[in-house]
Each structure stands twice: as C-alpha cells, then as structure tokens.
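For reference, work_16.cif (mmCIF, C-alpha atoms and all ligand atoms):
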```cif
data_input
#
loop_
_atom_site.label_atom_id
_atom_site.label_comp_id
_atom_site.auth_asym_id
_atom_site.auth_seq_id
_atom_site.Cartn_x
_atom_site.Cartn_y
_atom_site.Cartn_z
CA MET Y 1 93.35 -7.99 -12.23
CA ASP Y 2 91.62 -10.85 -10.41
CA LEU Y 3 93.04 -11.17 -6.93
CA ALA Y 4 92.39 -13.10 -3.78
CA MET Y 5 93.41 -12.22 -0.25
CA VAL Y 6 93.92 -15.07 2.19
CA GLY Y 7 94.42 -13.68 5.66
CA ASP Y 8 96.88 -10.89 4.97
CA ARG Y 9 98.37 -12.32 1.78
CA ILE Y 10 97.35 -11.11 -1.68
CA ILE Y 11 97.75 -13.59 -4.56
CA PRO Y 12 96.41 -13.89 -8.12
CA LEU Y 13 92.95 -15.42 -7.98
CA ASP Y 14 94.01 -18.07 -10.51
CA SER Y 15 96.69 -19.39 -8.16
CA LEU Y 16 94.35 -19.76 -5.18
CA ASP Y 17 94.15 -23.29 -3.77
CA PRO Y 18 90.73 -24.67 -4.88
CA VAL Y 19 90.05 -25.61 -1.26
CA TYR Y 20 89.24 -21.91 -0.70
CA LEU Y 21 86.76 -21.93 -3.56
CA ASP Y 22 84.74 -24.87 -2.28
CA ARG Y 23 81.02 -24.28 -2.83
CA GLY Y 24 80.57 -25.94 0.54
CA VAL Y 25 82.25 -22.87 2.08
CA PHE Y 26 80.53 -20.25 -0.08
CA PHE Y 27 77.03 -21.73 0.03
CA GLY Y 28 76.96 -24.80 2.27
CA ASP Y 29 76.45 -26.49 -1.10
CA GLY Y 30 76.96 -30.10 -0.08
CA VAL Y 31 75.63 -32.97 1.99
CA TYR Y 32 77.10 -35.07 4.77
CA GLU Y 33 76.73 -38.12 6.95
CA VAL Y 34 77.85 -39.21 10.40
CA LEU Y 35 78.00 -42.85 11.38
CA ARG Y 36 79.76 -44.76 14.10
CA SER Y 37 81.12 -48.13 15.05
CA TYR Y 38 80.56 -50.19 18.16
CA GLY Y 39 83.24 -52.65 19.24
CA GLY Y 40 85.02 -52.65 15.90
CA ARG Y 41 81.90 -52.96 13.72
CA LEU Y 42 80.38 -50.18 11.66
CA PHE Y 43 76.77 -49.64 12.68
CA ALA Y 44 74.02 -49.11 10.09
CA LEU Y 45 76.47 -48.34 7.27
CA GLU Y 46 73.94 -49.19 4.56
CA GLU Y 47 71.23 -47.02 6.14
CA HIS Y 48 73.64 -44.06 6.25
CA LEU Y 49 74.77 -44.64 2.64
CA LYS Y 50 71.16 -44.80 1.51
CA ARG Y 51 70.33 -41.50 3.23
CA PHE Y 52 73.50 -39.97 1.76
CA GLU Y 53 72.47 -41.05 -1.73
CA ARG Y 54 69.04 -39.52 -1.15
CA SER Y 55 70.58 -36.22 0.07
CA LEU Y 56 72.88 -36.08 -2.97
CA ALA Y 57 69.95 -36.64 -5.32
CA ALA Y 58 67.84 -34.02 -3.55
CA VAL Y 59 70.46 -31.32 -4.21
CA TYR Y 60 71.28 -32.60 -7.72
CA ILE Y 61 74.87 -33.63 -7.00
CA THR Y 62 75.30 -36.36 -9.59
CA GLY Y 63 77.91 -38.87 -10.71
CA ILE Y 64 78.77 -40.16 -7.23
CA ASP Y 65 79.25 -43.89 -7.01
CA ILE Y 66 77.99 -44.99 -3.59
CA SER Y 67 80.15 -48.12 -3.68
CA THR Y 68 83.21 -45.84 -3.88
CA ILE Y 69 81.98 -44.00 -0.78
CA ARG Y 70 81.40 -47.34 0.97
CA ASP Y 71 84.98 -48.41 0.12
CA ARG Y 72 86.43 -45.13 1.38
CA VAL Y 73 84.52 -45.37 4.68
CA MET Y 74 85.68 -48.95 5.16
CA ARG Y 75 89.27 -48.17 4.23
CA ALA Y 76 89.47 -45.24 6.68
CA PHE Y 77 87.81 -47.31 9.41
CA GLU Y 78 90.27 -50.16 8.85
CA GLN Y 79 93.25 -47.83 8.95
CA ALA Y 80 92.16 -45.86 12.04
CA GLN Y 81 91.96 -48.98 14.21
CA LEU Y 82 89.34 -47.41 16.49
CA ALA Y 83 86.81 -49.84 17.96
CA ASP Y 84 84.32 -47.08 18.81
CA ALA Y 85 84.75 -44.57 16.04
CA LYS Y 86 82.79 -41.57 14.80
CA ILE Y 87 83.02 -41.15 11.05
CA TYR Y 88 82.08 -37.90 9.36
CA PHE Y 89 82.08 -37.46 5.60
CA HIS Y 90 80.77 -34.91 3.16
CA ILE Y 91 80.61 -34.18 -0.52
CA THR Y 92 80.37 -30.67 -1.84
CA ARG Y 93 79.40 -29.79 -5.39
CA GLY Y 94 82.97 -28.75 -6.15
CA SER Y 95 85.27 -25.72 -6.28
CA ASP Y 96 84.85 -22.75 -8.56
CA ARG Y 97 84.74 -18.96 -8.51
CA ARG Y 98 81.72 -17.87 -6.50
CA ASN Y 99 78.54 -18.02 -8.56
CA HIS Y 100 75.12 -19.15 -7.40
CA VAL Y 101 74.65 -21.03 -10.66
CA TRP Y 102 76.91 -24.07 -10.85
CA LYS Y 103 78.82 -25.37 -13.85
CA PRO Y 104 77.65 -28.86 -14.83
CA ASP Y 105 81.19 -30.28 -15.02
CA LEU Y 106 82.41 -29.51 -11.49
CA THR Y 107 84.31 -32.26 -9.67
CA PRO Y 108 82.71 -32.89 -6.27
CA ASN Y 109 85.00 -32.60 -3.22
CA PHE Y 110 85.05 -35.42 -0.69
CA LEU Y 111 86.21 -35.08 2.92
CA LEU Y 112 86.14 -37.71 5.67
CA THR Y 113 87.31 -37.55 9.26
CA ILE Y 114 87.40 -40.35 11.78
CA SER Y 115 87.91 -40.00 15.51
CA PRO Y 116 86.89 -41.74 18.73
CA ALA Y 117 83.12 -41.71 19.34
CA PRO Y 118 82.17 -39.62 22.39
CA ASP Y 119 81.75 -41.52 25.63
CA SER Y 120 78.14 -40.89 26.61
CA THR Y 121 78.14 -43.07 29.75
CA ALA Y 122 77.86 -40.13 32.14
CA GLU Y 123 75.05 -38.48 30.12
CA LYS Y 124 73.19 -41.77 29.95
CA ALA Y 125 73.45 -42.20 33.72
CA ALA Y 126 72.54 -38.66 34.77
CA GLY Y 127 70.46 -37.42 31.85
CA ILE Y 128 70.76 -33.98 30.30
CA ALA Y 129 68.98 -30.64 30.41
CA VAL Y 130 67.57 -29.21 27.16
CA CYS Y 131 66.35 -25.71 26.23
CA THR Y 132 63.92 -24.70 23.51
CA HIS Y 133 64.85 -22.42 20.63
CA PRO Y 134 62.92 -21.22 17.56
CA ASP Y 135 63.43 -23.46 14.53
CA TRP Y 136 64.98 -21.01 12.10
CA ARG Y 137 65.97 -23.64 9.53
CA TRP Y 138 64.92 -23.91 5.88
CA LYS Y 139 62.04 -26.04 4.65
CA ARG Y 140 64.04 -29.10 3.53
CA CYS Y 141 65.42 -30.36 6.84
CA ASP Y 142 65.00 -33.90 5.49
CA ILE Y 143 68.16 -33.27 3.44
CA LYS Y 144 71.35 -33.69 5.49
CA SER Y 145 72.89 -30.55 4.03
CA LEU Y 146 75.95 -28.63 5.15
CA ASN Y 147 73.78 -25.56 5.86
CA LEU Y 148 73.82 -25.85 9.63
CA LEU Y 149 73.98 -22.23 10.77
CA ALA Y 150 70.51 -22.28 12.34
CA ASN Y 151 71.38 -25.54 14.13
CA VAL Y 152 74.67 -24.09 15.34
CA LEU Y 153 73.07 -20.88 16.64
CA ALA Y 154 70.39 -22.83 18.51
CA ARG Y 155 72.91 -25.25 20.00
CA GLN Y 156 75.22 -22.43 21.11
CA ASP Y 157 72.30 -20.62 22.72
CA ALA Y 158 71.47 -23.82 24.62
CA GLU Y 159 75.11 -24.15 25.67
CA ASN Y 160 75.12 -20.55 26.92
CA ARG Y 161 72.05 -21.39 29.01
CA GLY Y 162 73.65 -24.49 30.54
CA CYS Y 163 71.77 -26.98 28.34
CA SER Y 164 73.20 -29.91 26.40
CA GLU Y 165 70.81 -29.70 23.44
CA ALA Y 166 68.46 -27.17 21.84
CA ILE Y 167 64.96 -28.42 21.08
CA LEU Y 168 63.62 -26.62 18.04
CA ILE Y 169 60.12 -25.14 17.97
CA ASP Y 170 58.43 -24.38 14.66
CA GLU Y 171 56.16 -21.43 13.86
CA ALA Y 172 53.08 -23.39 14.93
CA GLY Y 173 54.61 -23.91 18.37
CA MET Y 174 55.37 -27.60 17.78
CA ILE Y 175 58.62 -29.39 18.54
CA THR Y 176 60.40 -30.53 15.38
CA GLU Y 177 63.62 -32.10 16.68
CA GLY Y 178 66.89 -31.30 18.45
CA SER Y 179 69.59 -29.15 16.84
CA SER Y 180 71.45 -32.40 16.14
CA SER Y 181 69.19 -35.13 17.46
CA ALA Y 182 65.72 -36.64 17.23
CA PHE Y 183 63.40 -35.91 20.17
CA PHE Y 184 61.06 -38.36 21.96
CA ALA Y 185 58.56 -38.28 24.81
CA VAL Y 186 57.25 -41.23 26.80
CA PHE Y 187 53.62 -41.21 27.95
CA GLY Y 188 52.69 -44.38 29.79
CA ARG Y 189 53.52 -47.31 27.47
CA SER Y 190 53.76 -45.17 24.35
CA ILE Y 191 56.52 -43.14 22.83
CA ARG Y 192 55.76 -40.04 20.83
CA THR Y 193 57.91 -38.28 18.27
CA ALA Y 194 57.38 -35.96 15.31
CA PRO Y 195 56.35 -37.66 12.04
CA LEU Y 196 58.87 -37.83 9.19
CA THR Y 197 58.16 -34.77 7.05
CA SER Y 198 60.46 -32.33 5.24
CA ASN Y 199 60.72 -30.45 8.57
CA ILE Y 200 62.97 -33.02 10.21
CA LEU Y 201 65.88 -35.26 9.36
CA PRO Y 202 64.99 -38.92 8.88
CA SER Y 203 67.23 -39.96 11.77
CA ILE Y 204 68.78 -43.41 11.51
CA THR Y 205 68.83 -43.75 15.31
CA ARG Y 206 65.09 -42.93 15.30
CA GLN Y 207 64.49 -46.03 13.15
CA PHE Y 208 66.25 -48.22 15.70
CA VAL Y 209 64.55 -46.52 18.66
CA LEU Y 210 61.16 -47.30 17.12
CA LYS Y 211 62.25 -50.90 16.55
CA ALA Y 212 63.46 -51.21 20.15
CA ALA Y 213 60.17 -49.72 21.38
CA THR Y 214 58.18 -52.20 19.28
CA ASN Y 215 60.28 -55.04 20.70
CA LEU Y 216 59.31 -53.81 24.18
CA GLY Y 217 55.65 -53.91 23.17
CA MET Y 218 55.27 -50.15 23.35
CA GLY Y 219 52.88 -48.02 21.35
CA LEU Y 220 54.33 -45.60 18.77
CA ILE Y 221 52.73 -42.22 18.21
CA GLU Y 222 54.24 -40.28 15.32
CA GLN Y 223 52.69 -36.95 16.16
CA SER Y 224 54.37 -33.63 17.00
CA LEU Y 225 54.15 -32.28 20.53
CA THR Y 226 54.33 -28.88 22.13
CA PRO Y 227 56.83 -27.80 24.79
CA GLN Y 228 53.94 -27.94 27.28
CA ASP Y 229 53.26 -31.57 26.31
CA ALA Y 230 56.95 -32.33 26.76
CA LYS Y 231 57.00 -30.87 30.25
CA THR Y 232 54.20 -33.18 31.31
CA ALA Y 233 55.70 -36.34 29.78
CA ASP Y 234 56.67 -39.28 31.96
CA GLU Y 235 60.08 -39.35 30.31
CA LEU Y 236 61.96 -37.55 27.56
CA PHE Y 237 65.02 -38.51 25.54
CA ILE Y 238 67.01 -37.56 22.48
CA ALA Y 239 68.53 -39.90 19.91
CA VAL Y 240 71.54 -39.39 17.69
CA THR Y 241 74.07 -41.63 15.96
CA THR Y 242 77.08 -40.60 18.03
CA LYS Y 243 75.44 -41.23 21.42
CA ASP Y 244 72.35 -43.34 20.58
CA ILE Y 245 69.79 -42.63 23.36
CA ILE Y 246 70.31 -39.93 26.00
CA PRO Y 247 67.70 -39.31 28.72
CA VAL Y 248 66.43 -35.74 29.11
CA VAL Y 249 65.75 -34.89 32.74
CA LYS Y 250 65.13 -31.17 32.51
CA PHE Y 251 63.16 -29.26 29.83
CA ASP Y 252 63.41 -25.46 29.88
CA GLY Y 253 64.33 -25.61 33.56
CA LYS Y 254 61.47 -27.94 34.54
CA PRO Y 255 62.46 -31.36 35.93
CA ILE Y 256 60.77 -34.22 34.07
CA ALA Y 257 58.91 -36.52 36.50
CA ASP Y 258 61.37 -37.11 39.38
CA GLY Y 259 64.25 -35.48 37.47
CA LYS Y 260 66.05 -38.78 36.85
CA PRO Y 261 66.37 -40.99 33.75
CA GLY Y 262 63.21 -43.09 33.57
CA PRO Y 263 62.76 -46.88 33.30
CA ILE Y 264 61.43 -46.87 29.73
CA THR Y 265 64.37 -44.82 28.47
CA LYS Y 266 66.74 -47.20 30.26
CA ALA Y 267 64.97 -50.20 28.69
CA LEU Y 268 65.26 -48.57 25.27
CA ILE Y 269 68.98 -47.95 25.82
CA ASP Y 270 69.38 -51.67 26.61
CA GLY Y 271 67.18 -52.61 23.66
CA PHE Y 272 69.23 -50.39 21.35
CA ARG Y 273 72.48 -51.91 22.62
CA LYS Y 274 71.29 -55.31 21.42
CA PHE Y 275 71.30 -53.99 17.83
CA THR Y 276 74.93 -52.94 18.16
CA ILE Y 277 76.38 -56.27 19.29
CA PRO Y 278 76.70 -59.31 17.01
N1 LIG Y 301 68.17 -34.36 13.63
C1 LIG Y 301 69.18 -33.55 13.28
C2 LIG Y 301 68.90 -32.13 12.93
C3 LIG Y 301 70.50 -34.05 13.25
O1 LIG Y 301 71.50 -33.23 12.91
C4 LIG Y 301 70.73 -35.39 13.62
C5 LIG Y 301 72.07 -35.94 13.62
O2 LIG Y 301 73.05 -35.28 13.44
C6 LIG Y 301 69.65 -36.17 14.00
C7 LIG Y 301 68.37 -35.64 13.97
C8 LIG Y 301 69.84 -37.61 14.36
O3 LIG Y 301 70.11 -38.33 13.19
P1 LIG Y 301 70.87 -39.70 13.24
O4 LIG Y 301 70.13 -40.59 14.15
O5 LIG Y 301 70.84 -40.20 11.83
O6 LIG Y 301 72.25 -39.41 13.74
#
```
Rewritten as structure tokens:
Amino acid sequence: MDLAMVGDRIIPLDSLDPVYLDRGVFFGDGVYEVLRSYGGRLFALEEHLKRFERSLAAVYITGIDISTIRDRVMRAFEQAQLADAKIYFHITRGSDRRNHVWKPDLTPNFLLTISPAPDSTAEKAAGIAVCTHPDWRWKRCDIKSLNLLANVLARQDAENRGCSEAILIDEAGMITEGSSSAFFAVFGRSIRTAPLTSNILPSITRQFVLKAATNLGMGLIEQSLTPQDAKTADELFIAVTTKDIIPVVKFDGKPIADGKPGPITKALIDGFRKFTIP
C-alpha cells in the first residue's frame, strides 16, 4: 500500500495534496525571480522577465507564456497597493511522485508573494560588515534556480559571525559574489567586479550599477578579485534588487579605508536613484 505521512498523520499517497509533491521541494527543481517597485512603479520588470525566461529555458521548463507571468505580476502589484514592494515569484517543474526523471506532461506550479520592500536607509548610511565563506555552489550559478542551500548556509554563517552578507570565495581563491548580492570594489576612479560567467548570477542591479558608474565617468573593470584585493580597496559595496546599493565598511573584520561609506558609493547610490524615479 502506498502511503504518505505528513507530520504525524498517515494517509494514502494518492490522496496527498500535490503541494507536498512539488519537485521544487524534492529537488529545488524550479527557478525564481525577485523584483521591486519604487514609489508605485515596478522597476526593471522586463529585465527580470527576460532573465526568468532564460532560467526556465536553461532547466528545460517549457510551455510558460511570459506575458502571462507579466500579467500576474502586474495584477498582484495592483492589488497589493504597496508603493515600495518586493515581489517574489517562482515556477517549479510540477508535482509528482519523487523521481529524478520528470514526466514530460507535468503542469508547472507558480507561486508569487508580495510584501513591503526592506527599508535599507540605515544600512546605506552606516554600511555593513561582510564575511567570506567558501563558494560551495554548483557550476551553473547563472541560472536563478531554487537550489539555494549553499547560499543559505553561507549567509547563516555570516549572520552567526555578526556580518550582514557572506562573500563567496571560489576554489581559486577569487571572490565570485555575495550569497544574495553582487559584489564591487572601488579603486580610485574605477569599479571592479567579477565578469559574467556561469559562476555568478547576471544581477539586474549590477547592470544599473555599471550604467551609473559610466554616467559618473568611472572606469569599469570586469575582473575577479581576491579577499586581499578587497581589503585594500578604497571602497566596497554590494548590489541587490531589494536594497540596490549597500556600502561595505568592514571585510572579514578589517575596516575598509576609514570604515565609513565612501564618496563613490554614495554617488552611485544617488546615480542609481535617478533610474528609479520617472
Ligand atoms: N547574486 C546572487 C547569488 C543573488 O541571489 C542575487 C539576488 O538575489 C544577486 C546576485 C543580485 O541580483 P539582482 O541584482 O538581480 O537582485
């Protein structure tokens, strides 16, 4: 007899709610996006939808109409009536009895949540401390997949050490990115960040940071750096959709420059803000 046990309750496996059989739960078999709004306007919706489409294709989840996803995002945003909202959504391959090999006719599961975007004013003003952690992730970090255990473990370790973000270090000793953010260093009038390879997520915020830096007449160096390089930078910052740009003032316990958010990072925050207002 096929059975399932949910908590302490035993039921026939056939009567189990499909939500328990989501391949997203069994395998992290799905992809997601996070976008936000500023002052009642969705920011970079098309960029996020494009990345989502790319992630879906990369894991062979087919038959998703991106215009349907766009409509759902807009409908939820309209209904929530949140000026500064954080919108999360994912699609998993579908629900079925656990089997690594998927059936071709599964119906993908869609989930969206919307809530107020975090207020990052204090972090922007004071800066944050970050700690390094080995990058234990798989080799396709360019896909925004639901497999986030390595990111979660790194971030929790940083939290336990009093840091606000974990900066991931690959096997060659180079910084890839944050556990949930892109990572940047400022050297003079140039900003340096890892190049877009399959080892990092093509961050949407990164695109706008590079645009803001160009607008400021800064040089862009897309080249990985070591933790030692980072410690000697003039300024450091992370970038992520929910908080845009956050200055990093301490790296593995070492204060960066005078230990305060630097002028270039502040100028980039202002430059980024210009993209978010009509
Ligand atoms: N890198 C990782 C691993 C992330 O999880 C995220 C965002 O969650 C980012 C970078 C930043 O990406 P985005 O700017 O698109 O939010």
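Counting from atom CA of Y:Phe187, the distance to atom CA of Y:Ala233 is 5.6 Å.
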Kindly provide, as a ChimeraX atom specification, all nucleotide and amino acid residues lying within 9 Å of ligand LIG 301 (chain Y), counting all atoms listed in the file.
/Y:33-35,47-48,51,141-142,144,148,151,176-183,200-208,238-244
Just give me the residues with any atom within 9 Å of (82.1, -38.9, 1.1), file coordinates, counting all atoms listed in the file, written as number ranges by chain.
Y: 31-33, 52, 66, 68-70, 72-73, 88-92, 109-112
Could you list, as a PDB file with C-alpha atoms, in the coordinates of the input, every residue within 9 Å of Y:Ile191, counting all atoms listed in the file and ignoring same-chain residues fewer than 2 positions away?
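Dumped to out.pdb:
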```pdb
ATOM      1  CA  PHE Y 184      61.060 -38.360  21.960  1.00  0.00           C
ATOM      2  CA  ALA Y 185      58.560 -38.280  24.810  1.00  0.00           C
ATOM      3  CA  VAL Y 186      57.250 -41.230  26.800  1.00  0.00           C
ATOM      4  CA  PHE Y 187      53.620 -41.210  27.950  1.00  0.00           C
ATOM      5  CA  GLY Y 188      52.690 -44.380  29.790  1.00  0.00           C
ATOM      6  CA  ARG Y 189      53.520 -47.310  27.470  1.00  0.00           C
ATOM      7  CA  THR Y 193      57.910 -38.280  18.270  1.00  0.00           C
ATOM      8  CA  LEU Y 210      61.160 -47.300  17.120  1.00  0.00           C
ATOM      9  CA  ALA Y 213      60.170 -49.720  21.380  1.00  0.00           C
ATOM     10  CA  MET Y 218      55.270 -50.150  23.350  1.00  0.00           C
ATOM     11  CA  GLY Y 219      52.880 -48.020  21.350  1.00  0.00           C
ATOM     12  CA  LEU Y 220      54.330 -45.600  18.770  1.00  0.00           C
ATOM     13  CA  ILE Y 221      52.730 -42.220  18.210  1.00  0.00           C
ATOM     14  CA  GLU Y 222      54.240 -40.280  15.320  1.00  0.00           C
TER      15      GLU Y 222
END
```
Using atom CA of Y:Lys250 and atom CA of Y:Asp84 as the two end points, give the distance in Å to one decimal.
28.4 Å
What does the distance from atom CA of Y:Ala76 to atom CA of Y:Ile114 come to in Å, to one decimal?
7.4 Å
Tell me, as an MDAnalysis selection string, which residues lie within 9 Å of stretch 153-163 of chain Y, counting all atoms listed in the file; anything in the same chain fewer than 6 positions away does not count.
chainID Y and resid 128:136 178:180 250 252
Restricting it to C-alpha atoms, dump the selection as a PDB file, in the frame of the given file.
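What follows is the written file again18.pdb:
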```pdb
ATOM      1  CA  ILE Y 128      70.760 -33.980  30.300  1.00  0.00           C
ATOM      2  CA  ALA Y 129      68.980 -30.640  30.410  1.00  0.00           C
ATOM      3  CA  VAL Y 130      67.570 -29.210  27.160  1.00  0.00           C
ATOM      4  CA  CYS Y 131      66.350 -25.710  26.230  1.00  0.00           C
ATOM      5  CA  THR Y 132      63.920 -24.700  23.510  1.00  0.00           C
ATOM      6  CA  HIS Y 133      64.850 -22.420  20.630  1.00  0.00           C
ATOM      7  CA  PRO Y 134      62.920 -21.220  17.560  1.00  0.00           C
ATOM      8  CA  ASP Y 135      63.430 -23.460  14.530  1.00  0.00           C
ATOM      9  CA  TRP Y 136      64.980 -21.010  12.100  1.00  0.00           C
ATOM     10  CA  GLY Y 178      66.890 -31.300  18.450  1.00  0.00           C
ATOM     11  CA  SER Y 179      69.590 -29.150  16.840  1.00  0.00           C
ATOM     12  CA  SER Y 180      71.450 -32.400  16.140  1.00  0.00           C
ATOM     13  CA  LYS Y 250      65.130 -31.170  32.510  1.00  0.00           C
ATOM     14  CA  ASP Y 252      63.410 -25.460  29.880  1.00  0.00           C
TER      15      ASP Y 252
END
```
List the residues sitting within 10 Å of (73.8, -41.3, 30.8) in the file's frame, using all atoms listed in the file, as a ChimeraX atom specification.
/Y:119-128,243,245-248,261,266,269
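Residues surrounding Y:Leu3 within 8 Å are Ile10, Ile11, Pro12, Leu13 and Asp14 of chain Y [all atoms listed in the file; sequence separation below 6 positions excluded].
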Pick out the residues sitting within 6 Å of Y:Ser37, and hand them over as a PyMOL selection string; count only C-alpha atoms, and ignore anything fewer than 5 positions along from it in its own chain.
chain Y and resi 42-43+84-85
With only C-alpha atoms as the basis for distance, which of Y:Asp2, Y:Lys211, Y:Asn199, Y:Leu49 is at the shortest distance from Y:Lys139?
Y:Asn199
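Distance annotation: of Y:Asp22, Y:Trp138, Y:Arg41, Y:Asp258, the residue with the minimal separation from Y:Glu78 is Y:Arg41; atom set is all atoms listed in the file.
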